[in-house]
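Enquirer: This is protein37.cif, which holds mmCIF, C-alpha atoms:
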```cif
data_input
loop_
_atom_site.label_atom_id
_atom_site.label_comp_id
_atom_site.auth_asym_id
_atom_site.auth_seq_id
_atom_site.Cartn_x
_atom_site.Cartn_y
_atom_site.Cartn_z
CA MET L 28 0.00 0.00 0.00
CA SER L 29 1.38 3.40 -0.90
CA ALA L 30 2.17 6.05 1.70
CA ALA L 31 -0.45 8.34 0.16
CA ARG L 32 -3.13 5.68 0.56
CA THR L 33 -2.14 5.02 4.18
CA SER L 34 -2.15 8.72 5.05
CA ASP L 35 -5.61 9.03 3.49
CA ILE L 36 -6.83 6.39 5.95
CA ALA L 37 -5.36 8.03 9.07
CA ILE L 38 -7.43 10.80 10.64
CA ASP L 39 -6.61 12.86 13.71
CA PRO L 40 -8.45 12.35 17.01
CA ALA L 41 -9.65 15.98 16.83
CA ARG L 42 -11.36 15.23 13.53
CA VAL L 43 -12.90 12.05 14.98
CA ALA L 44 -14.23 13.98 17.99
CA ALA L 45 -15.72 16.68 15.76
CA TRP L 46 -17.19 14.07 13.42
CA LEU L 47 -18.84 12.27 16.34
CA GLN L 48 -20.35 15.52 17.54
CA ASP L 49 -21.56 16.67 14.11
CA ASP L 50 -22.61 13.46 12.37
CA SER L 51 -24.65 10.74 14.01
CA THR L 52 -24.08 8.43 11.03
CA LEU L 53 -20.41 7.82 11.91
CA GLN L 54 -19.67 4.26 13.01
CA LEU L 55 -16.81 4.27 15.55
CA ILE L 56 -15.38 0.79 16.08
CA ASP L 57 -12.92 -0.29 18.79
CA VAL L 58 -10.88 -3.25 17.47
CA ARG L 59 -8.91 -3.94 20.67
CA GLU L 60 -9.01 -7.01 22.91
CA PRO L 61 -11.85 -7.32 25.47
CA TYR L 62 -9.61 -6.50 28.47
CA GLU L 63 -8.46 -3.32 26.69
CA ARG L 64 -12.06 -2.31 26.02
CA GLU L 65 -13.01 -2.88 29.67
CA ALA L 66 -10.21 -0.53 30.82
CA GLY L 67 -11.52 2.42 28.80
CA TYR L 68 -13.19 3.32 25.51
CA ILE L 69 -14.62 6.24 23.57
CA ALA L 70 -18.27 6.91 24.35
CA GLY L 71 -20.57 5.83 21.55
CA SER L 72 -18.12 3.34 20.08
CA ARG L 73 -18.86 -0.27 19.29
CA HIS L 74 -16.50 -3.13 20.10
CA ILE L 75 -15.49 -5.63 17.41
CA GLU L 76 -12.19 -7.38 18.10
CA LEU L 77 -9.86 -7.28 15.11
CA THR L 78 -9.84 -11.09 14.96
CA LYS L 79 -13.65 -11.10 14.72
CA LEU L 80 -13.90 -8.35 12.11
CA PRO L 81 -14.10 -10.71 9.11
CA SER L 82 -17.19 -12.42 10.57
CA GLU L 83 -18.71 -9.18 11.92
CA ALA L 84 -18.05 -6.90 8.92
CA ALA L 85 -21.50 -7.62 7.48
CA THR L 86 -23.07 -6.04 10.60
CA LEU L 87 -21.60 -2.65 9.65
CA ASP L 88 -23.67 -0.28 7.52
CA SER L 89 -21.76 -0.05 4.23
CA ASP L 90 -23.50 3.25 3.42
CA ARG L 91 -22.07 4.99 6.50
CA PRO L 92 -18.43 5.93 7.21
CA VAL L 93 -16.47 3.82 9.69
CA VAL L 94 -13.59 4.93 11.90
CA PHE L 95 -11.61 2.20 13.64
CA TYR L 96 -9.42 2.74 16.68
CA CYS L 97 -7.06 0.66 18.78
CA ARG L 98 -4.28 1.45 21.26
CA VAL L 99 -1.80 3.19 18.91
CA GLY L 100 -3.26 2.82 15.42
CA SER L 101 -1.67 -0.34 14.01
CA ARG L 102 -4.62 -2.71 14.31
CA SER L 103 -7.12 -0.03 13.32
CA THR L 104 -5.11 0.72 10.17
CA MET L 105 -5.27 -2.97 9.20
CA ALA L 106 -9.03 -2.96 9.80
CA ALA L 107 -9.56 0.20 7.73
CA GLN L 108 -7.45 -1.14 4.87
CA ALA L 109 -9.40 -4.42 4.85
CA LEU L 110 -12.77 -2.67 4.77
CA ARG L 111 -11.68 -0.19 2.14
CA ALA L 112 -10.84 -3.16 -0.05
CA THR L 113 -14.55 -4.09 0.11
CA GLY L 114 -15.65 -0.59 -0.86
CA ILE L 115 -16.53 0.78 2.59
CA ASP L 116 -15.54 4.35 3.50
CA ALA L 117 -13.18 3.37 6.35
CA TYR L 118 -10.56 5.25 8.38
CA SER L 119 -8.16 4.67 11.26
CA MET L 120 -7.78 7.10 14.15
CA ASP L 121 -4.15 8.23 13.96
CA GLY L 122 -2.22 7.50 17.16
CA GLY L 123 -5.08 5.47 18.59
CA LEU L 124 -6.43 5.77 22.09
CA VAL L 125 -3.00 6.74 23.42
CA ARG L 126 -3.13 9.94 21.34
CA TRP L 127 -6.84 10.50 22.13
CA VAL L 128 -6.04 10.52 25.87
CA SER L 129 -2.82 12.55 25.46
CA GLU L 130 -4.99 15.27 23.87
CA GLN L 131 -7.18 15.31 26.99
CA ARG L 132 -10.21 13.60 25.43
CA PRO L 133 -12.50 11.59 27.71
CA LEU L 134 -12.89 7.84 28.09
CA GLU L 135 -15.75 5.80 29.45
CA PRO L 136 -16.32 4.63 32.12
CA ASP L 137 -15.31 7.28 34.65
CA GLY L 138 -11.70 6.56 35.52
CA GLY L 139 -11.16 4.76 32.21
CA TYR L 140 -7.59 4.33 31.01
CA VAL L 141 -5.60 2.91 28.11
CA ALA L 142 -4.60 -0.67 28.91
CA ASP L 143 -1.22 -2.04 27.90
CA HIS L 144 -1.36 -4.38 24.94
#
```
As structure tokens - that is how I would like this structure written.

Expert:
Amino acid sequence: MSAARTSDIAIDPARVAAWLQDDSTLQLIDVREPYEREAGYIAGSRHIELTKLPSEAATLDSDRPVVFYCRVGSRSTMAAQALRATGIDAYSMDGGLVRWVSEQRPLEPDGGYVADH
């Protein structure tokens, strides 16, 4: 995959936060492991482990954009690339949850944190 294509997939946490606020059609998907999800997640997101994405992909609305996130952006980039290959408008949150938190954005539940992978 070319660098231009990869950079097109990556979107900043600020853009994700604004998108969530302005557009209720955005599908925000957490592709981390269950223990990571339990530690902390972005409000309004749905959890689909990366390993389960192939079997769960059909449950996503192909007419609505999807943003994937993980701890630092590696797994979410793989997820976005895979879904783009099927024609879905998919993105990866650049820097993952680590960057989201470093920019002072909230996690659920109260006291949520980014678990080690």

Enquirer: On this structure, the PyMOL selection byres ((chain L and resi 116) around 8) would catch which residues? List them as number ranges by chain, sorted by chain and number.

Expert: L: 89, 91-93, 110-111, 114-115, 117-118

Enquirer: List, as a list in words, every residue that the PyMOL selection byres ((chain L and resi 69) around 8) selects in the file provided.

Expert: Gly67, Tyr68, Ala70, Gly71, Ser72, Pro133, Leu134 and Glu135 of chain L

Enquirer: Would you export the selected residues with C-alpha atoms as a PDB file, in the frame of the given file, please?

Expert:
```
ATOM      1  CA  GLY L  67     -11.520   2.420  28.800  1.00  0.00           C
ATOM      2  CA  TYR L  68     -13.190   3.320  25.510  1.00  0.00           C
ATOM      3  CA  ALA L  70     -18.270   6.910  24.350  1.00  0.00           C
ATOM      4  CA  GLY L  71     -20.570   5.830  21.550  1.00  0.00           C
ATOM      5  CA  SER L  72     -18.120   3.340  20.080  1.00  0.00           C
ATOM      6  CA  PRO L 133     -12.500  11.590  27.710  1.00  0.00           C
ATOM      7  CA  LEU L 134     -12.890   7.840  28.090  1.00  0.00           C
ATOM      8  CA  GLU L 135     -15.750   5.800  29.450  1.00  0.00           C
TER       9      GLU L 135
END
```

Enquirer: Counting only C-alpha atoms, which residue out of L:Asp137, L:Glu65, L:Glu76, L:Asp57 sits closest to L:Arg98?

Expert: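 Looking only at the distances to L:Arg98, the closest residue turns out to be L:Asp57.
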
Enquirer: Do you know which residues are at most 10 Å from L:Glu130 counting all atoms listed in the file, after dropping those on the same chain fewer than 4 positions away, and could you put them as an NGL selection string?

Expert: :L and (40-41 or 124-126)

Enquirer: When you count only C-alpha atoms, which of these residues is closest to L:Ala106: L:Leu77, L:Ala85, L:Ala66, L:Ala142?

Expert: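 Among the listed residues, L:Leu77 lies closest to L:Ala106.
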
Enquirer: Please indicate the distance in Å from atom CA of L:Arg73 to atom CA of L:Leu55, rounded to one decimal place.

Expert: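 Taking atom CA of L:Arg73 and atom CA of L:Leu55, their separation equals 6.2 Å.
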
Enquirer: One number please: atom CA of L:Phe95 to atom CA of L:Trp127, in Å, one decimal.

Expert: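 Computing the Euclidean distance for atom CA of L:Phe95 and atom CA of L:Trp127 yields 12.8 Å.
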
Enquirer: Extract, using all atoms listed in the file, all DNA, RNA and protein residues at most 9 Å from L:Arg59, discarding same-chain residues fewer than 2 positions from it, and format them as a list in words.

Expert: Asp57, Pro61, Tyr62, Glu63, Arg64, His74, Ile75, Glu76, Leu77, Tyr96, Cys97, Arg98, Arg102, Ser103 and His144 of chain L

Enquirer: Between L:Gln131, L:Pro81, L:Ser101, L:Thr52, single out the one closest to L:Thr113, counting all atoms listed in the file.

Expert: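 Closest to L:Thr113 of all the choices is L:Pro81.
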
Enquirer: Could you tell me how far atom CA of L:Ala109 sits from atom CA of L:Glu83, in Å to one decimal place?

Expert: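 Result for atom CA of L:Glu83 versus atom CA of L:Ala109: 12.6 Å, one decimal.
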
Enquirer: Restricting the calculation to all atoms listed in the file, which member of L:Val58, L:Met105, L:Val99, L:Ala84 is positioned closest to L:Asp143?

Expert: L:Val99

Enquirer: Measuring between only C-alpha atoms, which one of L:Thr86, L:Gly122, L:Leu80, L:Ala45 shows the shortest distance to L:Ala107?

Expert: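 With only C-alpha atoms as the atom set, the closest residue is L:Leu80.
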
Enquirer: Once 5 Å is added on each side, what are the centre and the three edge lengths, in Å to one decimal, of the axis-aligned box enclosing the listed atoms of stretch 91-104 of chain L? Present them as AutoDock Vina command-line options.

Expert:
```
--center_x -11.9 --center_y 1.6 --center_z 13.9 --size_x 30.4 --size_y 18.6 --size_z 24.8
```

Enquirer: Skipping near chain neighbours, those fewer than 5 positions away, what residues fall within 7 Å of L:Asp121 using only C-alpha atoms, listed as JSON, numbers by chain?

Expert: {"L": [37, 38, 39, 40, 100]}

Enquirer: Here is a test: counting all atoms listed in the file, which residue of L:Leu53, L:Glu60, L:Trp46, L:Met120 is nearest to L:Asp90?

Expert: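 When distances to L:Asp90 are compared using all atoms listed in the file, the smallest one comes from L:Leu53.
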